[in-house]
Amino acid sequence: MPQPRKQFGQHWLRSEKALDKIVAAAELQPGNSAMGHPGDRVLEIGPGMGVLTRRLMTAAESVVAVEIDRDLCALLTKKLGNQENFLLLQGDFLSLDLAAILAPSPAFNQPNKVVANIPYNITGPILEKLLGTIANPVLPPFDVIVLLVQKEVALRLCARAGSTHFGALSVRVQYLATCEFICDVPAKAFQPPPKVDSAVVRIRPRSLPNPAQDPLQLEKLVKLGFSSKRKMLRNNLKSLIEIEQLNHWLAELQINPQVRAEDLSVEQWIALSDRVSVSNHAIPKISELVEKSEI
């Protein structure tokens, strides 16, 4: 049995209970070819030893797994390589052009759901590749994304405005999707146990009924607004927007002028960004200011 490699952030999930909850959260359908009902085509990132993969193959129509570890790829090929509804790709998920790779394979093309126990050290880049950004969302979006992540990240993804966990990541992801905390997964559920607890989250990409007038500006404004969480929002934005002008906009939006960035909901961030757009206020400087931000 291959040993987990620290360089790839490998920790084998052993909890049957956690595995069951991950699969259930994805709401997978195998499909019925006789009835002409297509099933779910799943993308799994980092299948590891294939414990979750086997369950996905049973519940879905097909599974495409991307694994960076060559030794694990050899093992998975021996275990699952002869299954018609399983395709294994060896490589770095972040650098693979999956659409181009899968285009010649109709049975695996365009996965509509993602289910994965991802490496915690690259959670941010993986989320961005799966969802896109405020200014450039992934299209077409996945129907459902179920991920096992570090619990701290799960709390940030699902946090509401006003929570200590609510931050720039919360706004960016919740602009693109709804996020649901499914369950805790303690460190002892893994071999070897990671140094942190984990959690399962379900992310449903969707489009807001009232999106930002200038998504790129919103993206930059959020980044600058959260550049120092301890400061009031007006102090983080004062190099971009005069405090008097910002206080006026906050009053219009019925927001306390002493508000901090984490107290604004996604909708309030959009409303504030739209006011900047309408007024054309200091927009030429916003790129320079964001580049100096520490986020």
# chains A, B, ... in the order shown; residues from 1 in each chain; ligands from 1
>>> residues_around(residues="segment 242-249 of chain A", least_positions_apart="4", cutoff="12 Å", atoms="only C-alpha atoms", output="PyMOL selection string")
chain A and resi 232-238+253-259+268-269+271-276+278-279+281-282
>>> closest_atom_pairs(of="segment 103-132 of chain A", to="segment 50-55 of chain A", cutoff="9 Å", atoms="only C-alpha atoms", output="CSV")
residue,atom,partner,partner_atom,distance
A:Val115,CA,A:Leu52,CA,8.9
A:Ala116,CA,A:Leu52,CA,8.2
A:Asn117,CA,A:Leu52,CA,8.6
>>> select_by_dssp(residues="segment 10-60 of chain A", states="strand (DSSP E)", output="VMD selection string")
chain A and resid 12 to 13 41 to 45
>>> write_last_selection(atoms="N, CA and C atoms", output="compact mmCIF listing (two decimals), in the first residue's frame")
# COMPACT_ATOMS: atom_id res chain seq x y z
N TRP A 12 -5.58 9.72 3.91
CA TRP A 12 -6.61 8.78 3.47
C TRP A 12 -7.82 8.85 4.40
N LEU A 13 -8.98 9.13 3.85
CA LEU A 13 -10.21 9.16 4.62
C LEU A 13 -10.67 7.73 4.87
N ARG A 41 -22.41 12.85 -14.31
CA ARG A 41 -21.02 12.62 -14.69
C ARG A 41 -20.16 13.37 -13.68
N VAL A 42 -19.41 12.62 -12.90
CA VAL A 42 -18.70 13.18 -11.75
C VAL A 42 -17.23 13.41 -12.05
N LEU A 43 -16.74 14.53 -11.57
CA LEU A 43 -15.31 14.82 -11.57
C LEU A 43 -14.81 14.66 -10.14
N GLU A 44 -13.80 13.82 -9.95
CA GLU A 44 -13.17 13.66 -8.64
C GLU A 44 -11.73 14.14 -8.72
N ILE A 45 -11.35 14.98 -7.79
CA ILE A 45 -9.99 15.52 -7.75
C ILE A 45 -9.23 14.82 -6.62
>>> closest_residue(among="A:Ala107, A:Val173, A:Pro186, A:Asp263", to="Leu130 of chain A", atoms="only C-alpha atoms")
A:Val173
>>> atom_distance(atom1="atom CA of Met57 of chain A", atom2="atom CA of Leu19 of chain A")
13.3 Å
>>> residues_around(residues="Ala26 of chain A", least_positions_apart="6", cutoff="8 Å", atoms="only C-alpha atoms", output="ChimeraX atom specification")
/A:113,115,144-146,202
>>> write_last_selection(atoms="all heavy atoms", output="mmCIF file, in the first residue's frame")
data_model
loop_
_atom_site.group_PDB
_atom_site.id
_atom_site.type_symbol
_atom_site.label_atom_id
_atom_site.label_comp_id
_atom_site.auth_asym_id
_atom_site.auth_seq_id
_atom_site.Cartn_x
_atom_site.Cartn_y
_atom_site.Cartn_z
ATOM 1 N N LYS A 113 -21.024 17.346 -12.035
ATOM 2 C CA LYS A 113 -20.879 17.430 -10.584
ATOM 3 C C LYS A 113 -19.423 17.146 -10.191
ATOM 4 O O LYS A 113 -18.720 16.416 -10.892
ATOM 5 C CB LYS A 113 -21.817 16.447 -9.868
ATOM 6 C CG LYS A 113 -23.295 16.799 -10.021
ATOM 7 C CD LYS A 113 -24.200 15.906 -9.194
ATOM 8 C CE LYS A 113 -25.664 16.337 -9.330
ATOM 9 N NZ LYS A 113 -26.586 15.503 -8.517
ATOM 10 N N VAL A 115 -17.097 15.895 -6.836
ATOM 11 C CA VAL A 115 -17.079 15.316 -5.495
ATOM 12 C C VAL A 115 -15.635 14.977 -5.189
ATOM 13 O O VAL A 115 -15.018 14.201 -5.917
ATOM 14 C CB VAL A 115 -17.951 14.045 -5.393
ATOM 15 C CG1 VAL A 115 -18.027 13.581 -3.941
ATOM 16 C CG2 VAL A 115 -19.353 14.292 -5.945
ATOM 17 N N VAL A 144 -23.506 20.793 -8.936
ATOM 18 C CA VAL A 144 -23.203 20.666 -7.510
ATOM 19 C C VAL A 144 -21.716 20.391 -7.343
ATOM 20 O O VAL A 144 -21.119 19.659 -8.140
ATOM 21 C CB VAL A 144 -24.011 19.514 -6.854
ATOM 22 C CG1 VAL A 144 -23.575 19.313 -5.401
ATOM 23 C CG2 VAL A 144 -25.503 19.785 -6.913
ATOM 24 N N ILE A 145 -21.135 20.974 -6.300
ATOM 25 C CA ILE A 145 -19.744 20.709 -5.946
ATOM 26 C C ILE A 145 -19.725 20.324 -4.470
ATOM 27 O O ILE A 145 -20.119 21.123 -3.607
ATOM 28 C CB ILE A 145 -18.860 21.961 -6.165
ATOM 29 C CG1 ILE A 145 -18.909 22.397 -7.630
ATOM 30 C CG2 ILE A 145 -17.421 21.694 -5.723
ATOM 31 C CD1 ILE A 145 -18.262 23.756 -7.877
ATOM 32 N N VAL A 146 -19.296 19.106 -4.177
ATOM 33 C CA VAL A 146 -19.193 18.636 -2.792
ATOM 34 C C VAL A 146 -17.725 18.410 -2.474
ATOM 35 O O VAL A 146 -17.062 17.617 -3.128
ATOM 36 C CB VAL A 146 -19.994 17.337 -2.578
ATOM 37 C CG1 VAL A 146 -19.814 16.836 -1.135
ATOM 38 C CG2 VAL A 146 -21.472 17.552 -2.874
ATOM 39 N N ARG A 202 -21.315 21.646 0.636
ATOM 40 C CA ARG A 202 -21.981 21.503 -0.661
ATOM 41 C C ARG A 202 -22.153 22.897 -1.260
ATOM 42 O O ARG A 202 -22.713 23.792 -0.617
ATOM 43 C CB ARG A 202 -23.337 20.816 -0.519
ATOM 44 C CG ARG A 202 -24.101 20.717 -1.854
ATOM 45 C CD ARG A 202 -25.265 19.735 -1.757
ATOM 46 N NE ARG A 202 -26.168 20.062 -0.676
ATOM 47 C CZ ARG A 202 -26.969 19.165 -0.069
ATOM 48 N NH1 ARG A 202 -26.953 17.907 -0.451
ATOM 49 N NH2 ARG A 202 -27.775 19.544 0.913
#
